[in-house]
file my_file.txt (compact mmCIF, C-alpha atoms)
# COMPACT_ATOMS: atom_id res chain seq x y z
CA MET A 1 32.60 -20.32 126.93
CA ALA A 2 30.48 -22.42 129.32
CA TYR A 3 32.85 -25.44 128.94
CA TYR A 4 35.89 -23.25 129.51
CA LEU A 5 34.45 -21.68 132.67
CA LEU A 6 33.33 -25.01 134.15
CA GLN A 7 36.60 -26.77 133.39
CA ARG A 8 39.27 -24.12 133.98
CA ASP A 9 37.88 -21.06 135.74
CA ARG A 10 35.18 -21.93 138.28
CA LYS A 11 36.02 -18.83 140.31
CA GLY A 12 35.61 -16.64 137.23
CA ALA A 13 32.26 -18.29 136.55
CA ASP A 14 31.08 -17.41 140.04
CA GLY A 15 32.21 -13.79 139.53
CA LEU A 16 30.40 -13.61 136.19
CA ALA A 17 27.21 -15.06 137.70
CA ASN A 18 27.24 -12.49 140.51
CA ALA A 19 27.99 -9.61 138.14
CA LEU A 20 25.11 -10.65 135.89
CA SER A 21 22.59 -11.00 138.71
CA ASP A 22 23.74 -7.66 140.19
CA ALA A 23 23.27 -6.01 136.79
CA LEU A 24 19.82 -7.54 136.45
CA GLU A 25 18.93 -6.07 139.83
CA ILE A 26 20.50 -2.63 139.44
CA VAL A 27 20.19 -1.71 135.75
CA GLY A 28 16.78 -0.54 134.68
CA HIS A 29 15.51 1.92 132.12
CA CYS A 30 15.84 5.69 132.40
CA GLN A 31 12.40 7.18 133.10
CA LEU A 32 12.98 9.86 130.50
CA CYS A 33 15.01 8.48 127.59
CA ASN A 34 14.40 4.71 128.09
CA ASN A 35 18.13 3.95 127.82
CA PHE A 36 19.72 1.55 130.32
CA SER A 37 20.43 3.32 133.59
CA GLU A 38 21.39 2.51 137.18
CA GLN A 39 19.50 5.55 138.49
CA PRO A 40 15.85 6.47 137.76
CA THR A 41 17.16 9.02 135.22
CA CYS A 42 20.40 8.57 133.26
CA PRO A 43 23.43 10.95 133.34
CA THR A 44 22.69 12.22 129.81
CA CYS A 45 19.15 13.26 130.73
CA ARG A 46 20.35 14.87 133.96
CA ASN A 47 23.11 16.84 132.21
CA GLU A 48 21.94 20.45 132.15
CA ASP A 49 24.50 21.49 129.55
CA ARG A 50 22.71 19.52 126.88
CA ASP A 51 20.25 21.18 124.52
CA SER A 52 16.84 19.96 125.66
CA SER A 53 15.03 21.43 122.65
CA VAL A 54 16.19 18.60 120.34
CA LEU A 55 15.34 14.93 120.81
CA CYS A 56 17.11 12.26 118.80
CA VAL A 57 15.14 9.00 118.49
CA VAL A 58 17.32 5.90 118.00
CA GLU A 59 16.68 2.17 117.95
CA MET A 60 19.27 0.80 120.40
CA PRO A 61 21.62 1.94 123.21
CA THR A 62 24.63 1.24 120.94
CA ASP A 63 23.30 3.91 118.55
CA VAL A 64 23.53 6.47 121.38
CA MET A 65 27.16 5.45 121.93
CA MET A 66 27.94 5.89 118.23
CA LEU A 67 26.27 9.30 118.07
CA GLU A 68 28.12 10.44 121.19
CA GLN A 69 31.40 9.42 119.55
CA THR A 70 30.78 11.78 116.62
CA GLN A 71 30.79 14.71 119.09
CA SER A 72 28.48 16.59 116.75
CA TYR A 73 25.22 16.22 118.66
CA ASN A 74 24.45 17.85 121.98
CA GLY A 75 20.73 17.25 122.40
CA LEU A 76 18.75 14.57 124.21
CA TYR A 77 17.96 11.01 123.17
CA PHE A 78 15.10 8.58 123.23
CA VAL A 79 15.89 4.89 122.84
CA LEU A 80 13.07 2.79 121.37
CA MET A 81 14.78 -0.49 122.31
CA GLY A 82 13.76 -1.97 119.00
CA ARG A 83 12.17 -1.20 115.66
CA LEU A 84 8.82 -1.94 114.03
CA SER A 85 9.06 -5.47 112.68
CA PRO A 86 5.69 -7.17 112.17
CA LEU A 87 7.30 -10.47 111.08
CA ASP A 88 9.00 -10.73 114.48
CA GLY A 89 5.84 -9.68 116.31
CA VAL A 90 7.15 -6.20 117.14
CA GLY A 91 4.39 -3.64 116.71
CA PRO A 92 4.01 -0.02 117.87
CA LYS A 93 3.25 -1.16 121.45
CA GLU A 94 6.57 -2.98 121.81
CA ILE A 95 8.79 0.00 121.03
CA ASN A 96 7.71 2.34 123.83
CA LEU A 97 6.11 4.98 121.63
CA GLU A 98 3.85 6.26 124.40
CA LYS A 99 6.89 6.94 126.55
CA MET A 100 8.49 8.74 123.59
CA ILE A 101 5.41 10.96 123.10
CA LYS A 102 5.51 11.76 126.82
CA ARG A 103 9.20 12.70 126.45
CA THR A 104 8.38 15.26 123.76
CA GLN A 105 5.86 16.99 126.00
CA LYS A 106 6.73 19.80 128.32
CA THR A 107 8.17 18.94 131.71
CA ASP A 108 8.58 21.45 134.55
CA GLY A 109 11.82 23.39 134.56
CA GLU A 110 12.84 22.23 131.11
CA LYS A 111 12.59 23.67 127.63
CA THR A 112 10.01 21.95 125.45
CA VAL A 113 11.27 19.64 122.73
CA GLN A 114 11.01 21.59 119.48
CA GLU A 115 12.57 19.17 117.04
CA VAL A 116 12.58 15.38 116.89
CA ILE A 117 15.41 13.86 114.83
CA LEU A 118 14.62 10.36 113.60
CA ALA A 119 17.93 8.48 113.65
CA THR A 120 16.66 4.97 113.00
CA ASN A 121 18.64 2.78 110.60
CA TYR A 122 18.32 3.18 106.83
CA THR A 123 16.85 -0.33 106.50
CA VAL A 124 13.29 -1.34 105.62
CA GLU A 125 12.35 -1.68 109.30
CA GLY A 126 14.12 1.53 110.34
CA GLU A 127 12.42 3.48 107.56
CA ALA A 128 9.01 2.06 108.53
CA THR A 129 9.62 3.04 112.15
CA ALA A 130 10.63 6.58 111.13
CA HIS A 131 7.55 6.89 108.93
CA TYR A 132 5.25 5.68 111.74
CA ILE A 133 6.70 8.16 114.24
CA THR A 134 6.41 11.01 111.70
CA GLU A 135 2.70 10.27 111.34
CA LEU A 136 2.33 10.06 115.13
CA LEU A 137 3.94 13.48 115.64
CA LYS A 138 2.17 15.24 112.77
CA ALA A 139 -0.75 16.32 114.95
CA ARG A 140 1.53 17.92 117.54
CA ASP A 141 3.38 21.16 116.86
CA ILE A 142 6.85 19.61 116.66
CA LYS A 143 9.33 19.82 113.80
CA VAL A 144 10.34 16.33 112.67
CA SER A 145 13.51 15.62 110.70
CA ARG A 146 15.25 12.52 109.36
CA ILE A 147 19.03 11.99 109.28
CA ALA A 148 20.46 12.48 105.80
CA ARG A 149 20.66 9.51 103.46
CA GLY A 150 23.08 9.47 100.53
CA LEU A 151 26.74 8.91 99.72
CA PRO A 152 28.81 7.83 102.75
CA MET A 153 32.18 9.49 103.45
CA GLY A 154 34.78 8.35 100.92
CA GLY A 155 31.98 7.14 98.63
CA GLU A 156 32.61 7.16 94.88
CA ILE A 157 29.71 7.44 92.46
CA GLU A 158 31.14 4.63 90.34
CA TYR A 159 31.02 2.07 93.16
CA VAL A 160 27.94 3.07 95.15
CA ASP A 161 24.71 1.04 94.81
CA SER A 162 22.03 2.54 92.59
CA GLY A 163 19.47 2.86 95.43
CA THR A 164 21.82 5.09 97.41
CA LEU A 165 22.69 7.08 94.28
CA ALA A 166 19.03 7.65 93.40
CA GLN A 167 18.40 8.84 96.97
CA ALA A 168 21.44 11.14 96.81
CA ILE A 169 20.10 12.77 93.63
CA VAL A 170 16.53 13.14 94.93
CA GLU A 171 17.63 14.55 98.31
CA ARG A 172 20.31 16.84 96.89
CA LYS A 173 21.05 19.88 98.98
CA ARG A 174 21.15 23.41 97.68
CA VAL A 175 24.52 25.05 98.29
CA SER A 176 24.15 28.41 96.54
CA MET B 177 47.63 -10.29 78.72
CA ALA B 178 50.43 -9.30 76.36
CA TYR B 179 52.17 -12.69 76.79
CA TYR B 180 48.89 -14.55 76.24
CA LEU B 181 48.10 -12.64 73.04
CA LEU B 182 51.62 -13.02 71.59
CA GLN B 183 51.84 -16.75 72.40
CA ARG B 184 48.32 -18.06 71.85
CA ASP B 185 46.12 -15.55 70.04
CA ARG B 186 48.03 -13.51 67.48
CA LYS B 187 44.86 -13.03 65.40
CA GLY B 188 43.04 -11.67 68.44
CA ALA B 189 45.96 -9.31 69.09
CA ASP B 190 45.66 -7.96 65.54
CA GLY B 191 41.89 -7.43 66.04
CA LEU B 192 42.48 -5.65 69.31
CA ALA B 193 45.17 -3.41 67.78
CA ASN B 194 42.83 -2.43 64.93
CA ALA B 195 39.88 -1.85 67.27
CA LEU B 196 42.02 0.37 69.48
CA SER B 197 43.41 2.47 66.64
CA ASP B 198 39.91 2.79 65.14
CA ALA B 199 38.59 3.96 68.51
CA LEU B 200 41.43 6.47 68.82
CA GLU B 201 40.47 7.85 65.42
CA ILE B 202 36.69 7.88 65.80
CA VAL B 203 35.98 8.59 69.47
CA GLY B 204 36.35 12.19 70.55
CA HIS B 205 34.65 14.40 73.11
CA CYS B 206 31.08 15.67 72.84
CA GLN B 207 31.17 19.43 72.14
CA LEU B 208 28.52 20.03 74.77
CA CYS B 209 28.95 17.59 77.66
CA ASN B 210 32.61 16.60 77.15
CA ASN B 211 31.72 12.87 77.42
CA PHE B 212 33.24 10.42 74.90
CA SER B 213 31.30 10.50 71.65
CA GLU B 214 31.63 9.30 68.06
CA GLN B 215 29.66 12.28 66.76
CA PRO B 216 30.33 15.99 67.48
CA THR B 217 27.50 15.86 70.04
CA CYS B 218 26.56 12.73 72.00
CA PRO B 219 23.12 10.99 71.91
CA THR B 220 22.28 12.19 75.45
CA CYS B 221 22.83 15.85 74.53
CA ARG B 222 20.85 15.42 71.32
CA ASN B 223 17.90 13.74 73.07
CA GLU B 224 15.11 16.31 73.15
CA ASP B 225 13.11 14.41 75.78
CA ARG B 226 15.68 15.22 78.44
CA ASP B 227 15.21 18.14 80.81
CA SER B 228 17.73 20.75 79.66
CA SER B 229 17.19 22.98 82.70
CA VAL B 230 19.28 20.73 84.99
CA LEU B 231 22.96 19.99 84.48
CA CYS B 232 24.66 17.25 86.48
CA VAL B 233 28.45 17.68 86.77
CA VAL B 234 30.35 14.40 87.23
CA GLU B 235 34.01 13.41 87.26
CA MET B 236 34.16 10.51 84.82
CA PRO B 237 32.11 8.88 82.01
CA THR B 238 31.50 5.82 84.26
CA ASP B 239 29.64 8.13 86.67
CA VAL B 240 27.22 9.02 83.85
CA MET B 241 26.61 5.28 83.29
CA MET B 242 25.90 4.74 86.99
CA LEU B 243 23.51 7.70 87.17
CA GLU B 244 21.69 6.51 84.05
CA GLN B 245 21.25 3.08 85.67
CA THR B 246 19.38 4.60 88.61
CA GLN B 247 16.70 5.84 86.16
CA SER B 248 15.99 8.70 88.53
CA TYR B 249 17.67 11.54 86.63
CA ASN B 250 16.49 12.92 83.30
CA GLY B 251 18.59 16.08 82.90
CA LEU B 252 21.83 16.73 81.08
CA TYR B 253 25.42 15.96 82.09
CA PHE B 254 28.82 17.55 82.03
CA VAL B 255 31.84 15.28 82.38
CA LEU B 256 34.93 16.97 83.86
CA MET B 257 37.20 14.03 82.90
CA GLY B 258 39.00 14.34 86.21
CA ARG B 259 38.98 16.09 89.56
CA LEU B 260 41.05 18.82 91.18
CA SER B 261 44.17 17.11 92.50
CA PRO B 262 47.13 19.46 93.01
CA LEU B 263 49.43 16.60 94.09
CA ASP B 264 48.95 14.96 90.68
CA GLY B 265 49.31 18.29 88.88
CA VAL B 266 45.60 18.55 88.05
CA GLY B 267 44.43 22.13 88.49
CA PRO B 268 41.32 23.99 87.34
CA LYS B 269 42.63 24.23 83.76
CA GLU B 270 42.92 20.46 83.38
CA ILE B 271 39.27 19.68 84.18
CA ASN B 272 37.57 21.64 81.40
CA LEU B 273 35.86 24.19 83.63
CA GLU B 274 35.62 26.79 80.85
CA LYS B 275 33.71 24.33 78.70
CA MET B 276 31.42 23.63 81.66
CA ILE B 277 30.71 27.35 82.17
CA LYS B 278 29.92 27.60 78.46
CA ARG B 279 27.52 24.65 78.81
CA THR B 280 25.57 26.44 81.53
CA GLN B 281 25.04 29.46 79.32
CA LYS B 282 22.10 29.87 77.01
CA THR B 283 22.25 28.25 73.58
CA ASP B 284 19.77 28.93 70.78
CA GLY B 285 16.64 26.81 70.78
CA GLU B 286 17.32 25.35 74.22
CA LYS B 287 16.12 26.15 77.72
CA THR B 288 18.76 27.75 79.91
CA VAL B 289 20.36 25.65 82.62
CA GLN B 290 18.72 26.69 85.89
CA GLU B 291 20.29 24.23 88.30
CA VAL B 292 23.73 22.65 88.43
CA ILE B 293 23.92 19.43 90.46
CA LEU B 294 27.46 18.69 91.67
CA ALA B 295 27.78 14.91 91.61
CA THR B 296 31.50 14.57 92.23
CA ASN B 297 32.67 11.85 94.61
CA TYR B 298 32.45 12.28 98.39
CA THR B 299 36.25 12.16 98.69
CA VAL B 300 38.67 14.95 99.57
CA GLU B 301 39.35 15.69 95.90
CA GLY B 302 35.70 15.42 94.87
CA GLU B 303 34.64 17.77 97.67
CA ALA B 304 37.36 20.27 96.71
CA THR B 305 36.20 20.15 93.08
CA ALA B 306 32.57 20.71 94.12
CA HIS B 307 33.59 23.62 96.33
CA TYR B 308 35.63 25.22 93.54
CA ILE B 309 32.76 24.95 91.04
CA THR B 310 30.30 26.39 93.60
CA GLU B 311 32.54 29.46 93.97
CA LEU B 312 32.86 29.75 90.17
CA LEU B 313 29.08 29.70 89.67
CA LYS B 314 28.23 32.02 92.56
CA ALA B 315 28.46 35.14 90.40
CA ARG B 316 26.03 33.75 87.82
CA ASP B 317 22.33 33.42 88.52
CA ILE B 318 22.29 29.62 88.69
CA LYS B 319 21.08 27.43 91.55
CA VAL B 320 23.83 25.05 92.66
CA SER B 321 23.15 21.86 94.60
CA ARG B 322 25.24 18.99 95.92
CA ILE B 323 24.15 15.34 95.99
CA ALA B 324 23.11 14.20 99.47
CA ARG B 325 25.75 12.78 101.81
CA GLY B 326 24.76 10.54 104.70
CA LEU B 327 23.75 6.97 105.50
CA PRO B 328 23.87 4.66 102.47
CA MET B 329 20.96 2.30 101.74
CA GLY B 330 20.93 -0.57 104.27
CA GLY B 331 23.19 1.45 106.55
CA GLU B 332 22.93 0.87 110.30
CA ILE B 333 23.90 3.61 112.74
CA GLU B 334 25.85 1.10 114.84
CA TYR B 335 28.22 0.18 112.01
CA VAL B 336 28.60 3.40 110.04
CA ASP B 337 31.79 5.50 110.40
CA SER B 338 31.54 8.55 112.60
CA GLY B 339 32.31 11.03 109.79
CA THR B 340 29.30 9.85 107.81
CA LEU B 341 27.14 9.85 110.94
CA ALA B 342 28.14 13.40 111.85
CA GLN B 343 27.32 14.50 108.28
CA ALA B 344 23.96 12.70 108.45
CA ILE B 345 23.06 14.58 111.65
CA VAL B 346 24.22 17.97 110.37
CA GLU B 347 22.45 17.60 107.00
CA ARG B 348 19.26 16.11 108.42
CA LYS B 349 16.19 16.72 106.33
CA ARG B 350 12.94 18.09 107.66
CA VAL B 351 10.03 15.71 107.03
CA SER B 352 7.14 17.44 108.81
call {"tool": "encode", "arguments": {"input": "my_file.txt", "output": "structure tokens"}}
result
Amino acid sequence: MAYYLLQRDRKGADGLANALSDALEIVGHCQLCNNFSEQPTCPTCRNEDRDSSVLCVVEMPTDVMMLEQTQSYNGLYFVLMGRLSPLDGVGPKEINLEKMIKRTQKTDGEKTVQEVILATNYTVEGEATAHYITELLKARDIKVSRIARGLPMGGEIEYVDSGTLAQAIVERKRVS
Amino acid sequence: MAYYLLQRDRKGADGLANALSDALEIVGHCQLCNNFSEQPTCPTCRNEDRDSSVLCVVEMPTDVMMLEQTQSYNGLYFVLMGRLSPLDGVGPKEINLEKMIKRTQKTDGEKTVQEVILATNYTVEGEATAHYITELLKARDIKVSRIARGLPMGGEIEYVDSGTLAQAIVERKRVS
């Protein structure tokens, strides 16, 4: 990409450089949900139609985008901007947990958060992060839930891995 | 395969023919769980160490194999040998539901089945089958549960389809 810009599109390169340095200057983190935002608080947090009694904790801003696409969640978000990963030097301090705790506490003019949904990935690091946050929130009077893990849509028992299948059996849901 | 056998391995073809006709003669269905069996009842149904208060309903014999591999289920099985599929002419009569109902009822010297786990595939036909069986069992005093549907093991929110993600949010599980 660098060769192409230098050789064939020097004007484009200048535009890209300006756009990047503008973004660096303008885009910061939302004071409330920690997602990228051009204002002190992001449009999602400012939206009064959203249910402020539920807080969905995700790893990355792309996860928020994916969840919004499902159109099945209308609560608030908190973006950790990472996951616990000791091998990469990412501990509890690096994933903004204090800011998350602050988010769950009552703010003036808003309903208190009553449920925290842990929507971290179903990987070793995502599970560890979810477990850590559960322990953190245990002392406070907040309901904590984890997104369901089991067979994905279109999944057939014959072809699914045995870890997923075991989880699907253990976490079976009563229907009647 | 037919060309290979006729041209290069006529002895093997004879062996295969005999094995197949022997199998046709010997292998029938287990009287209790409807799985393939050489005896009137299969080894799984005869095994007294298994928990006879839980019955797991699956579509095909391969599903039983997969569930056994997870080593996380110790109850009994019922194999429908199919799934509801009106377009293929498979209705409730073709998937042995009467035999399944009979299996859930008390037999002498055995504990009654107290929970039926519906482990049909998470496809349109599997879901329809699970729904139909739930309605069938509603009148009887049996707990019915469905295997969990959601993120598969190793699943990342960013890459999972939105149907699965919506299901994972809706069926979230309380952890504290």
call {"tool": "interface_residues", "arguments": {"input": "my_file.txt", "of": "chain B", "to": "chain A", "cutoff": "6 Å", "atoms": "all atoms listed in the file", "output": "PDB file with C-alpha atoms, in the coordinates of the input"}}
result
ATOM      1  CA  ASP B 239      29.640   8.130  86.670  1.00  0.00           C
ATOM      2  CA  THR B 246      19.380   4.600  88.610  1.00  0.00           C
ATOM      3  CA  SER B 248      15.990   8.700  88.530  1.00  0.00           C
ATOM      4  CA  ASN B 297      32.670  11.850  94.610  1.00  0.00           C
ATOM      5  CA  TYR B 298      32.450  12.280  98.390  1.00  0.00           C
ATOM      6  CA  THR B 299      36.250  12.160  98.690  1.00  0.00           C
ATOM      7  CA  LYS B 319      21.080  27.430  91.550  1.00  0.00           C
ATOM      8  CA  VAL B 320      23.830  25.050  92.660  1.00  0.00           C
ATOM      9  CA  SER B 321      23.150  21.860  94.600  1.00  0.00           C
ATOM     10  CA  ARG B 322      25.240  18.990  95.920  1.00  0.00           C
ATOM     11  CA  ILE B 323      24.150  15.340  95.990  1.00  0.00           C
ATOM     12  CA  ALA B 324      23.110  14.200  99.470  1.00  0.00           C
ATOM     13  CA  ARG B 325      25.750  12.780 101.810  1.00  0.00           C
ATOM     14  CA  GLY B 326      24.760  10.540 104.700  1.00  0.00           C
ATOM     15  CA  LEU B 327      23.750   6.970 105.500  1.00  0.00           C
ATOM     16  CA  PRO B 328      23.870   4.660 102.470  1.00  0.00           C
ATOM     17  CA  MET B 329      20.960   2.300 101.740  1.00  0.00           C
ATOM     18  CA  GLY B 330      20.930  -0.570 104.270  1.00  0.00           C
ATOM     19  CA  GLY B 331      23.190   1.450 106.550  1.00  0.00           C
ATOM     20  CA  GLU B 332      22.930   0.870 110.300  1.00  0.00           C
ATOM     21  CA  ILE B 333      23.900   3.610 112.740  1.00  0.00           C
ATOM     22  CA  GLU B 334      25.850   1.100 114.840  1.00  0.00           C
ATOM     23  CA  SER B 338      31.540   8.550 112.600  1.00  0.00           C
ATOM     24  CA  THR B 340      29.300   9.850 107.810  1.00  0.00           C
ATOM     25  CA  ALA B 342      28.140  13.400 111.850  1.00  0.00           C
ATOM     26  CA  ALA B 344      23.960  12.700 108.450  1.00  0.00           C
ATOM     27  CA  ILE B 345      23.060  14.580 111.650  1.00  0.00           C
ATOM     28  CA  GLU B 347      22.450  17.600 107.000  1.00  0.00           C
ATOM     29  CA  ARG B 348      19.260  16.110 108.420  1.00  0.00           C
ATOM     30  CA  LYS B 349      16.190  16.720 106.330  1.00  0.00           C
ATOM     31  CA  ARG B 350      12.940  18.090 107.660  1.00  0.00           C
ATOM     32  CA  VAL B 351      10.030  15.710 107.030  1.00  0.00           C
ATOM     33  CA  SER B 352       7.140  17.440 108.810  1.00  0.00           C
TER      34      SER B 352
END
call {"tool": "axis_aligned_box", "arguments": {"input": "my_file.txt", "around": "range 19-24 of chain A", "padding_each_side": "5 Å", "output": "AutoDock Vina command-line options"}}
result
--center_x 23.9 --center_y -8.5 --center_z 138.0 --size_x 18.2 --size_y 15.0 --size_z 14.3
call {"tool": "calpha_fit_and_write", "arguments": {"input": "my_file.txt", "fixed": "chain B", "moving": "chain A", "output": "compact mmCIF listing (two decimals) with C-alpha atoms, keeping the file's coordinate frame"}}
result
# COMPACT_ATOMS: atom_id res chain seq x y z
CA MET A 1 47.75 -10.49 78.37
CA ALA A 2 50.54 -9.45 75.98
CA TYR A 3 52.29 -12.86 76.36
CA TYR A 4 49.03 -14.71 75.79
CA LEU A 5 48.20 -12.75 72.63
CA LEU A 6 51.69 -13.12 71.15
CA GLN A 7 51.92 -16.83 71.91
CA ARG A 8 48.39 -18.15 71.33
CA ASP A 9 46.19 -15.60 69.57
CA ARG A 10 48.11 -13.52 67.02
CA LYS A 11 44.94 -12.99 65.00
CA GLY A 12 43.13 -11.69 68.08
CA ALA A 13 46.03 -9.34 68.75
CA ASP A 14 45.72 -7.91 65.26
CA GLY A 15 41.96 -7.42 65.78
CA LEU A 16 42.56 -5.69 69.11
CA ALA A 17 45.21 -3.40 67.60
CA ASN A 18 42.86 -2.36 64.79
CA ALA A 19 39.93 -1.83 67.16
CA LEU A 20 42.08 0.35 69.41
CA SER A 21 43.45 2.49 66.58
CA ASP A 22 39.93 2.84 65.11
CA ALA A 23 38.64 3.96 68.51
CA LEU A 24 41.47 6.46 68.84
CA GLU A 25 40.50 7.87 65.46
CA ILE A 26 36.72 7.89 65.86
CA VAL A 27 36.02 8.56 69.55
CA GLY A 28 36.39 12.15 70.61
CA HIS A 29 34.69 14.33 73.17
CA CYS A 30 31.13 15.61 72.90
CA GLN A 31 31.21 19.36 72.20
CA LEU A 32 28.54 19.96 74.80
CA CYS A 33 28.95 17.54 77.71
CA ASN A 34 32.63 16.51 77.21
CA ASN A 35 31.76 12.81 77.48
CA PHE A 36 33.27 10.36 74.98
CA SER A 37 31.36 10.45 71.71
CA GLU A 38 31.69 9.23 68.13
CA GLN A 39 29.71 12.22 66.82
CA PRO A 40 30.41 15.92 67.54
CA THR A 41 27.55 15.80 70.08
CA CYS A 42 26.60 12.67 72.05
CA PRO A 43 23.17 10.92 71.98
CA THR A 44 22.33 12.12 75.51
CA CYS A 45 22.87 15.77 74.58
CA ARG A 46 20.90 15.35 71.36
CA ASN A 47 17.96 13.67 73.11
CA GLU A 48 15.17 16.25 73.17
CA ASP A 49 13.16 14.36 75.78
CA ARG A 50 15.70 15.16 78.44
CA ASP A 51 15.23 18.10 80.80
CA SER A 52 17.76 20.68 79.66
CA SER A 53 17.19 22.94 82.66
CA VAL A 54 19.27 20.71 84.97
CA LEU A 55 22.96 19.94 84.50
CA CYS A 56 24.65 17.22 86.51
CA VAL A 57 28.44 17.65 86.81
CA VAL A 58 30.34 14.37 87.30
CA GLU A 59 34.00 13.39 87.35
CA MET A 60 34.15 10.46 84.90
CA PRO A 61 32.13 8.80 82.09
CA THR A 62 31.51 5.78 84.37
CA ASP A 63 29.64 8.11 86.76
CA VAL A 64 27.22 8.96 83.93
CA MET A 65 26.62 5.24 83.39
CA MET A 66 25.90 4.72 87.09
CA LEU A 67 23.51 7.66 87.25
CA GLU A 68 21.69 6.46 84.13
CA GLN A 69 21.25 3.05 85.78
CA THR A 70 19.37 4.61 88.71
CA GLN A 71 16.70 5.82 86.24
CA SER A 72 15.96 8.71 88.58
CA TYR A 73 17.66 11.51 86.67
CA ASN A 74 16.50 12.89 83.35
CA GLY A 75 18.60 16.02 82.92
CA LEU A 76 21.86 16.69 81.10
CA TYR A 77 25.42 15.92 82.14
CA PHE A 78 28.83 17.50 82.07
CA VAL A 79 31.85 15.24 82.46
CA LEU A 80 34.94 16.92 83.92
CA MET A 81 37.20 14.00 82.98
CA GLY A 82 38.98 14.31 86.29
CA ARG A 83 38.95 16.08 89.63
CA LEU A 84 41.02 18.81 91.25
CA SER A 85 44.13 17.12 92.60
CA PRO A 86 47.09 19.47 93.10
CA LEU A 87 49.41 16.63 94.19
CA ASP A 88 48.93 14.97 90.79
CA GLY A 89 49.30 18.28 88.96
CA VAL A 90 45.59 18.54 88.13
CA GLY A 91 44.42 22.12 88.56
CA PRO A 92 41.29 23.98 87.40
CA LYS A 93 42.63 24.19 83.82
CA GLU A 94 42.90 20.41 83.47
CA ILE A 95 39.26 19.64 84.25
CA ASN A 96 37.59 21.60 81.45
CA LEU A 97 35.86 24.16 83.65
CA GLU A 98 35.64 26.75 80.88
CA LYS A 99 33.75 24.27 78.74
CA MET A 100 31.45 23.57 81.70
CA ILE A 101 30.72 27.30 82.19
CA LYS A 102 29.95 27.54 78.47
CA ARG A 103 27.55 24.58 78.85
CA THR A 104 25.57 26.40 81.54
CA GLN A 105 25.05 29.41 79.29
CA LYS A 106 22.13 29.79 76.98
CA THR A 107 22.30 28.12 73.59
CA ASP A 108 19.85 28.80 70.75
CA GLY A 109 16.73 26.67 70.75
CA GLU A 110 17.36 25.26 74.20
CA LYS A 111 16.17 26.09 77.68
CA THR A 112 18.81 27.72 79.86
CA VAL A 113 20.39 25.61 82.58
CA GLN A 114 18.73 26.67 85.83
CA GLU A 115 20.28 24.24 88.27
CA VAL A 116 23.72 22.64 88.41
CA ILE A 117 23.92 19.44 90.48
CA LEU A 118 27.43 18.69 91.70
CA ALA A 119 27.75 14.90 91.66
CA THR A 120 31.47 14.59 92.30
CA ASN A 121 32.63 11.87 94.70
CA TYR A 122 32.41 12.34 98.47
CA THR A 123 36.21 12.20 98.79
CA VAL A 124 38.62 15.01 99.67
CA GLU A 125 39.32 15.72 95.99
CA GLY A 126 35.66 15.46 94.95
CA GLU A 127 34.61 17.82 97.73
CA ALA A 128 37.32 20.32 96.75
CA THR A 129 36.17 20.17 93.14
CA ALA A 130 32.53 20.74 94.16
CA HIS A 131 33.54 23.67 96.36
CA TYR A 132 35.60 25.25 93.54
CA ILE A 133 32.74 24.97 91.05
CA THR A 134 30.27 26.42 93.59
CA GLU A 135 32.50 29.48 93.94
CA LEU A 136 32.84 29.73 90.15
CA LEU A 137 29.06 29.70 89.65
CA LYS A 138 28.21 32.04 92.52
CA ALA A 139 28.44 35.15 90.33
CA ARG A 140 26.03 33.74 87.75
CA ASP A 141 22.32 33.42 88.43
CA ILE A 142 22.27 29.62 88.64
CA LYS A 143 21.05 27.46 91.50
CA VAL A 144 23.80 25.08 92.63
CA SER A 145 23.12 21.91 94.61
CA ARG A 146 25.21 19.03 95.95
CA ILE A 147 24.11 15.37 96.03
CA ALA A 148 23.07 14.28 99.51
CA ARG A 149 25.69 12.86 101.85
CA GLY A 150 24.72 10.65 104.78
CA LEU A 151 23.69 7.09 105.60
CA PRO A 152 23.80 4.76 102.57
CA MET A 153 20.88 2.39 101.88
CA GLY A 154 20.84 -0.44 104.41
CA GLY A 155 23.11 1.60 106.70
CA GLU A 156 22.83 1.04 110.45
CA ILE A 157 23.80 3.79 112.86
CA GLU A 158 25.75 1.32 114.98
CA TYR A 159 28.13 0.35 112.16
CA VAL A 160 28.50 3.56 110.17
CA ASP A 161 31.70 5.65 110.50
CA SER A 162 31.46 8.71 112.72
CA GLY A 163 32.24 11.17 109.87
CA THR A 164 29.23 9.97 107.90
CA LEU A 165 27.06 10.01 111.03
CA ALA A 166 28.07 13.58 111.91
CA GLN A 167 27.25 14.64 108.34
CA ALA A 168 23.89 12.84 108.50
CA ILE A 169 22.98 14.75 111.68
CA VAL A 170 24.13 18.14 110.38
CA GLU A 171 22.39 17.73 107.00
CA ARG A 172 19.19 16.26 108.43
CA LYS A 173 16.11 16.85 106.34
CA ARG A 174 12.87 18.24 107.65
CA VAL A 175 9.97 15.87 107.04
CA SER A 176 7.07 17.61 108.80
call {"tool": "residues_near_point", "arguments": {"input": "my_file.txt", "point": "(34.1, 19.2, 70.3)", "cutoff": "10 Å", "atoms": "all atoms listed in the file", "output": "ChimeraX atom specification"}}
result
/B:204-213,215-217,275
call {"tool": "residues_around", "arguments": {"input": "my_file.txt", "residues": "Thr288 in chain B", "least_positions_apart": "6", "cutoff": "8 Å", "atoms": "only C-alpha atoms", "output": "ChimeraX atom specification"}}
result
/B:228-229,280-282
call {"tool": "atom_distance", "arguments": {"input": "my_file.txt", "atom1": "CA of Ile271 in chain B", "atom2": "CA of Arg222 in chain B"}}
result
22.9 Å
call {"tool": "atom_distance", "arguments": {"input": "my_file.txt", "atom1": "CA of Tyr132 in chain A", "atom2": "CA of Tyr77 in chain A"}}
result
17.9 Å
call {"tool": "residues_around", "arguments": {"input": "my_file.txt", "residues": "Asp49 in chain A", "least_positions_apart": "2", "cutoff": "12 Å", "atoms": "all atoms listed in the file", "output": "list in words"}}
result
Pro43, Thr44, Cys45, Arg46, Asn47, Asp51, Ser52, Ser53, Asn74, Gly75, Leu76 and Glu110 of chain A
